[in-house]
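Here is the structure we will look at, set down as C-alpha cells.
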Amino acid sequence: MIQFRTEVELPEFKKKVSYRHHSLMMGSCFAENIGIYLQERCLPIVINPFGILYNPFSVANCLEMLMTGKIFTEDDLFHSNGLFHSFSHHSRFSGPDSGKVLERINMLASEAATRLNSASHLFITFGTSWVFEHKQSGHVVSNCHKLPATLFNHNRLSVKQVTDTWIPLIENIKRINPDLHVVFTVSPIRHLKDGAHENQLSKSTLLLAIEGLISTFGNELISYFPSYEIILDELRDYRFYGADMTHLSELSIEFIREKFIETILEQEAGLISNEAGKLLQALQHKPFNPYEEAYKSFLKTQFAKLEQLQNKYPNVDFQKLYGKFHEKIIN
C-alpha cells in the first residue's frame, strides 16, 4: 500500500493517566487545548494556574513559586492602562481591582500547589526559547502586558541555560512528590515574530533541552510526547494551520488530541472519557423548539445516562457534567 504521509511513532507511557489521581498541565496553548478537553470529561486536571506560559524559564519560575507556597501581594502587581497586572501571570488574571486580582491569583496557586504534591503527572509544554527580561528587575517575565518594548531585553535561551534551570527544579519536585511523572512536549505553533530561522533555532533549543533532561533522569521519570513532530512531519501541510498560517486549525488540534489520549489514558479512563464525551455531545444538540416535550424527554434520558455512569463509577467526580445538565434543564 502506498503511504501518503509519514506516521510519527508514539511513545509507550508506562505510567498512564486515570480518574483516580490528579494531574497538572502548564505551559503553552497545547496544555490548554488538551487540558480543557479532558477537564470537560471530568478528569481531575488543573490547567495553567498562572495562565498560558511560553518559555522554559517562566514555567520553571511558576513551579518554584508553587513549591515554596508563595503568597502574592500588592508588591507583586503593577498598574498599567487602568488594570493591575502580574509579570508572572497571563493577562486573563489582570483586572481593575487589585484585591480581586490577588484573591484569584492566590486561590489558583494554592490549589495547584496542593495538586502538585500528590499528582500522578505533570505535563509541560514549551512554546519558545525566546524570553523577555525586564530591564529594571532583571527577571524574565511570563507576559509583557503590552508595555513598551524598550523596557525589556529580548534574548534566546541556550540549551545549557534551560537544562541548568530544570535539572535542580526536577530534583526538588522529586523530593516533594517521588511518584510524579513529567511529560514534556513542544508546541507546534510557530513564533514567526522572531523570524522563521529564529523560530527553528528556538524550537531546536527546546527539543535538545528536553532530550538532555530525559538523558539525565531517564524514561521512568520523564517522557516526551511528539506534538511538534506530528504537525511538522506527519501532517506537514498548511491546510492544518489556521488563517494566520501560524496557529493550528481545529482539525489538527483534534488529530493531536486523539493521539495524545490514545497513548496517555488508562483503558478504563478512556472508556469513562468516551461516555462523558457522548453526554457532552448530546448537551450540544440544539432543538428546533427547546420547550417541546420531546426535547425535555431527551434531556431526561441523557440525565439518566449520567446517573447510570455515576453509579457505575462512584469514585469519579462528575460534578461538571451535572452542572451542565442542570443549566440546560433550568434554561
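Residues are named by chain letter and number: chains run A, B, ... in the order of the C-alpha cells, numbers start at 1 in each chain, and ligands are numbered from 1 in the order shown.
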- [ ] Pull the strand (DSSP E or B) assignments for region 97-319 of chain A out of DSSP run on the backbone, and list those residues as a PyMOL selection string.
- [x] chain A and resi 121-126+130-134+140-141+152-156+181-186+222-224+241+248+265
Open item on the list: Report as a PyMOL selection string all protein, DNA and RNA residues lying within 12 Å of region 303-315 of chain A, evaluated on only C-alpha atoms, omitting residues in the same chain fewer than 4 positions from it.
Closed with: chain A and resi 18-21+41-44+268-269+271-280+282-283+296-299+319-329
- [ ] Go through A:Lys300, A:His85, A:Lys259, A:His139 and flag the residue nearest Glu9 (chain A), using only C-alpha atoms for the distances.
- [x] A:Lys259
- [ ] Might you pull out every residue within 12 Å of His22 (chain A), with only C-alpha atoms counted and same-chain residues fewer than 3 positions away left off, and present them as an NGL selection string?
- [x] :A and (16-19 or 25 or 35 or 38-39 or 42-47 or 111-123 or 180-181 or 316-317)
Open item on the list: Using DSSP assignments from the backbone, pull out every residue in region 20-231 of chain A that falls under alpha helix (DSSP H) and give it to me as a VMD selection string.
Closed with: chain A and resid 29 to 40 56 to 68 98 to 118 159 to 176 196 to 217 227 to 229
Task: Residue neighbourhood region 153-158 of chain A, 7 Å, only C-alpha atoms, exclusion window fewer than 3 positions, as a list in words - done: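 Residues near the query, excluding close chain neighbours: Ser129, Trp130, Val131, Phe132, Glu133, His134, Lys135, Gln161, Val162 and Thr205 of chain A.
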- [ ] Do a neighbour search on region 253-256 of chain A at 12 Å with only C-alpha atoms, toss out local chain neighbours closer than 4 positions, and write the hits as a PyMOL selection string.
- [x] chain A and resi 8+10+29-34+37+185+187-189+225-232+234-235+240-242+247-249+260-263
For the residues selected in the previous step, produce a file with N, CA and C atoms as a tab-separated table (two decimals), in the first residue's frame.
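Generated output (result09.tsv):
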chain	number	residue	atom	x	y	z
A	8	VAL	N	4.34	9.40	12.70
A	8	VAL	CA	5.28	9.59	13.80
A	8	VAL	C	5.00	8.53	14.86
A	10	LEU	N	4.50	6.90	18.25
A	10	LEU	CA	4.06	7.43	19.54
A	10	LEU	C	4.76	6.71	20.68
A	29	CYS	N	-0.21	26.83	24.59
A	29	CYS	CA	-1.62	26.59	24.23
A	29	CYS	C	-1.96	25.10	24.17
A	30	PHE	N	-0.97	24.24	23.91
A	30	PHE	CA	-1.22	22.80	23.86
A	30	PHE	C	-1.79	22.33	25.19
A	31	ALA	N	-1.25	22.84	26.28
A	31	ALA	CA	-1.74	22.47	27.61
A	31	ALA	C	-3.20	22.85	27.77
A	32	GLU	N	-3.56	24.02	27.23
A	32	GLU	CA	-4.95	24.47	27.32
A	32	GLU	C	-5.87	23.59	26.46
A	33	ASN	N	-5.46	23.33	25.23
A	33	ASN	CA	-6.31	22.57	24.30
A	33	ASN	C	-6.59	21.17	24.81
A	34	ILE	N	-5.55	20.49	25.24
A	34	ILE	CA	-5.70	19.12	25.74
A	34	ILE	C	-6.38	19.12	27.10
A	37	TYR	N	-10.19	19.86	27.19
A	37	TYR	CA	-10.91	18.72	26.63
A	37	TYR	C	-11.07	17.62	27.70
A	185	THR	N	6.35	18.35	26.13
A	185	THR	CA	6.05	18.43	24.71
A	185	THR	C	6.42	19.82	24.23
A	187	SER	N	5.30	22.91	21.64
A	187	SER	CA	4.17	23.40	20.87
A	187	SER	C	4.52	23.54	19.39
A	188	PRO	N	3.67	23.03	18.49
A	188	PRO	CA	3.93	23.19	17.05
A	188	PRO	C	3.56	24.58	16.52
A	189	ILE	N	2.97	25.42	17.38
A	189	ILE	CA	2.63	26.78	16.95
A	189	ILE	C	3.91	27.56	16.70
A	225	PHE	N	6.18	13.74	24.50
A	225	PHE	CA	5.12	13.47	23.53
A	225	PHE	C	5.37	14.33	22.29
A	226	PRO	N	5.40	13.73	21.09
A	226	PRO	CA	5.86	14.44	19.88
A	226	PRO	C	4.79	15.25	19.16
A	227	SER	N	4.14	16.19	19.82
A	227	SER	CA	3.13	17.01	19.15
A	227	SER	C	3.76	17.86	18.04
A	228	TYR	N	4.97	18.37	18.29
A	228	TYR	CA	5.68	19.18	17.28
A	228	TYR	C	5.94	18.35	16.02
A	229	GLU	N	6.40	17.13	16.22
A	229	GLU	CA	6.74	16.26	15.07
A	229	GLU	C	5.48	15.79	14.33
A	230	ILE	N	4.38	15.60	15.04
A	230	ILE	CA	3.14	15.17	14.39
A	230	ILE	C	2.70	16.21	13.38
A	231	ILE	N	2.78	17.48	13.74
A	231	ILE	CA	2.38	18.55	12.83
A	231	ILE	C	3.40	18.73	11.70
A	232	LEU	N	4.68	18.78	12.08
A	232	LEU	CA	5.73	19.09	11.09
A	232	LEU	C	6.02	17.93	10.16
A	234	GLU	N	4.16	14.56	10.20
A	234	GLU	CA	3.07	13.66	9.82
A	234	GLU	C	2.00	14.38	9.01
A	235	LEU	N	1.56	15.55	9.48
A	235	LEU	CA	0.54	16.29	8.73
A	235	LEU	C	1.18	17.13	7.62
A	240	PHE	N	-3.53	22.41	7.62
A	240	PHE	CA	-3.71	22.06	9.03
A	240	PHE	C	-3.40	23.24	9.96
A	241	TYR	N	-3.17	24.41	9.35
A	241	TYR	CA	-2.99	25.62	10.13
A	241	TYR	C	-4.21	26.52	9.95
A	242	GLY	N	-4.35	27.49	10.87
A	242	GLY	CA	-5.44	28.45	10.77
A	242	GLY	C	-5.16	29.49	9.70
A	247	HIS	N	-1.07	29.52	13.86
A	247	HIS	CA	-1.78	28.69	14.82
A	247	HIS	C	-2.40	27.48	14.12
A	248	LEU	N	-2.76	26.47	14.91
A	248	LEU	CA	-3.28	25.23	14.34
A	248	LEU	C	-4.77	25.34	14.07
A	249	SER	N	-5.23	24.60	13.06
A	249	SER	CA	-6.65	24.51	12.79
A	249	SER	C	-7.31	23.59	13.81
A	260	PHE	N	-2.80	11.88	21.58
A	260	PHE	CA	-2.36	12.05	22.96
A	260	PHE	C	-3.19	11.19	23.90
A	261	ILE	N	-4.51	11.25	23.74
A	261	ILE	CA	-5.41	10.48	24.60
A	261	ILE	C	-5.20	8.99	24.40
A	262	GLU	N	-4.96	8.59	23.17
A	262	GLU	CA	-4.73	7.18	22.84
A	262	GLU	C	-3.52	6.62	23.59
A	263	THR	N	-2.51	7.46	23.78
A	263	THR	CA	-1.27	6.97	24.39
A	263	THR	C	-1.22	7.16	25.90
Open item on the list: Let me make sure I understand: among A:His197, A:Lys100, A:His285, A:Arg190, which one has the smallest atom-to-atom distance to Asp244 (chain A) if we use only C-alpha atoms?
Closed with: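 Looking at the shortest contact to Asp244 (chain A), the residue is A:Arg190.
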Open item on the list: Just to confirm, what's the straight-line distance from CA of Asp97 (chain A) to CA of Met67 (chain A) in Å (one decimal)?
Closed with: 26.9 Å
TODO: Figure out the distance between CA of Glu40 (chain A) and CA of Leu24 (chain A), please, to one decimal in Å.
DONE: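 Between CA of Leu24 (chain A) and CA of Glu40 (chain A) the gap works out to 14.8 Å.
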Open item on the list: With only C-alpha atoms as the counted atoms, please give the residues lying no more than 9 Å from Asn106 (chain A), apart from itself and same-chain residues fewer than 3 positions off, as a PyMOL selection string.
Closed with: chain A and resi 70-72+101-103+109-111
Just the selected residues (N, CA and C atoms), exported as a PDB file, in the first residue's frame, please.
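The result, stored in again-v3.pdb:
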ATOM      1  N   LYS A  70       4.436  30.484  47.593  1.00  0.00           N
ATOM      2  CA  LYS A  70       4.461  31.946  47.553  1.00  0.00           C
ATOM      3  C   LYS A  70       3.047  32.531  47.637  1.00  0.00           C
ATOM      4  N   ILE A  71       2.904  33.569  48.451  1.00  0.00           N
ATOM      5  CA  ILE A  71       1.669  34.331  48.531  1.00  0.00           C
ATOM      6  C   ILE A  71       1.904  35.674  47.830  1.00  0.00           C
ATOM      7  N   PHE A  72       1.109  35.963  46.815  1.00  0.00           N
ATOM      8  CA  PHE A  72       1.266  37.207  46.071  1.00  0.00           C
ATOM      9  C   PHE A  72       0.612  38.364  46.830  1.00  0.00           C
ATOM     10  N   VAL A 101      -7.829  40.667  41.956  1.00  0.00           N
ATOM     11  CA  VAL A 101      -6.748  40.054  41.174  1.00  0.00           C
ATOM     12  C   VAL A 101      -5.917  39.140  42.075  1.00  0.00           C
ATOM     13  N   LEU A 102      -5.531  39.632  43.232  1.00  0.00           N
ATOM     14  CA  LEU A 102      -4.713  38.842  44.160  1.00  0.00           C
ATOM     15  C   LEU A 102      -5.483  37.644  44.714  1.00  0.00           C
ATOM     16  N   GLU A 103      -6.758  37.832  44.979  1.00  0.00           N
ATOM     17  CA  GLU A 103      -7.575  36.731  45.503  1.00  0.00           C
ATOM     18  C   GLU A 103      -7.601  35.573  44.510  1.00  0.00           C
ATOM     19  N   ALA A 109      -3.195  29.397  42.757  1.00  0.00           N
ATOM     20  CA  ALA A 109      -1.849  28.930  43.093  1.00  0.00           C
ATOM     21  C   ALA A 109      -1.892  27.934  44.245  1.00  0.00           C
ATOM     22  N   SER A 110      -2.724  28.206  45.235  1.00  0.00           N
ATOM     23  CA  SER A 110      -2.853  27.306  46.382  1.00  0.00           C
ATOM     24  C   SER A 110      -3.398  25.944  45.950  1.00  0.00           C
ATOM     25  N   GLU A 111      -4.412  25.964  45.097  1.00  0.00           N
ATOM     26  CA  GLU A 111      -4.987  24.707  44.602  1.00  0.00           C
ATOM     27  C   GLU A 111      -3.951  23.913  43.813  1.00  0.00           C
TER      28      GLU A 111
END
Open item on the list: Between CA of Ala60 (chain A) and CA of Val141 (chain A), what distance in Å does the model show, to one decimal?
Closed with: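 Answer for the CA of Ala60 (chain A) to CA of Val141 (chain A) separation: 11.5 Å.
Minimum atom-to-atom distances from A:Thr6, A:Met107, A:Asn143, A:Phe126 to Ser94 (chain A) were compared using only C-alpha atoms, and the lowest value belongs to A:Asn143.
Distances from A:Val186, A:Leu147, A:Ile222, A:Val159 to Met26 (chain A) were compared using only C-alpha atoms, and the smallest one belongs to A:Val186.
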Task: Nearest-residue call for Ile176 (chain A), choices A:Asp237, A:Glu198, A:Glu64, A:Glu12, using only C-alpha atoms - done: A:Glu64
Task: Of the listed residues A:Arg236, A:Lys203, A:Arg257, A:His191, that which approaches Glu7 (chain A) most closely, counting only C-alpha atoms - done: A:Arg236
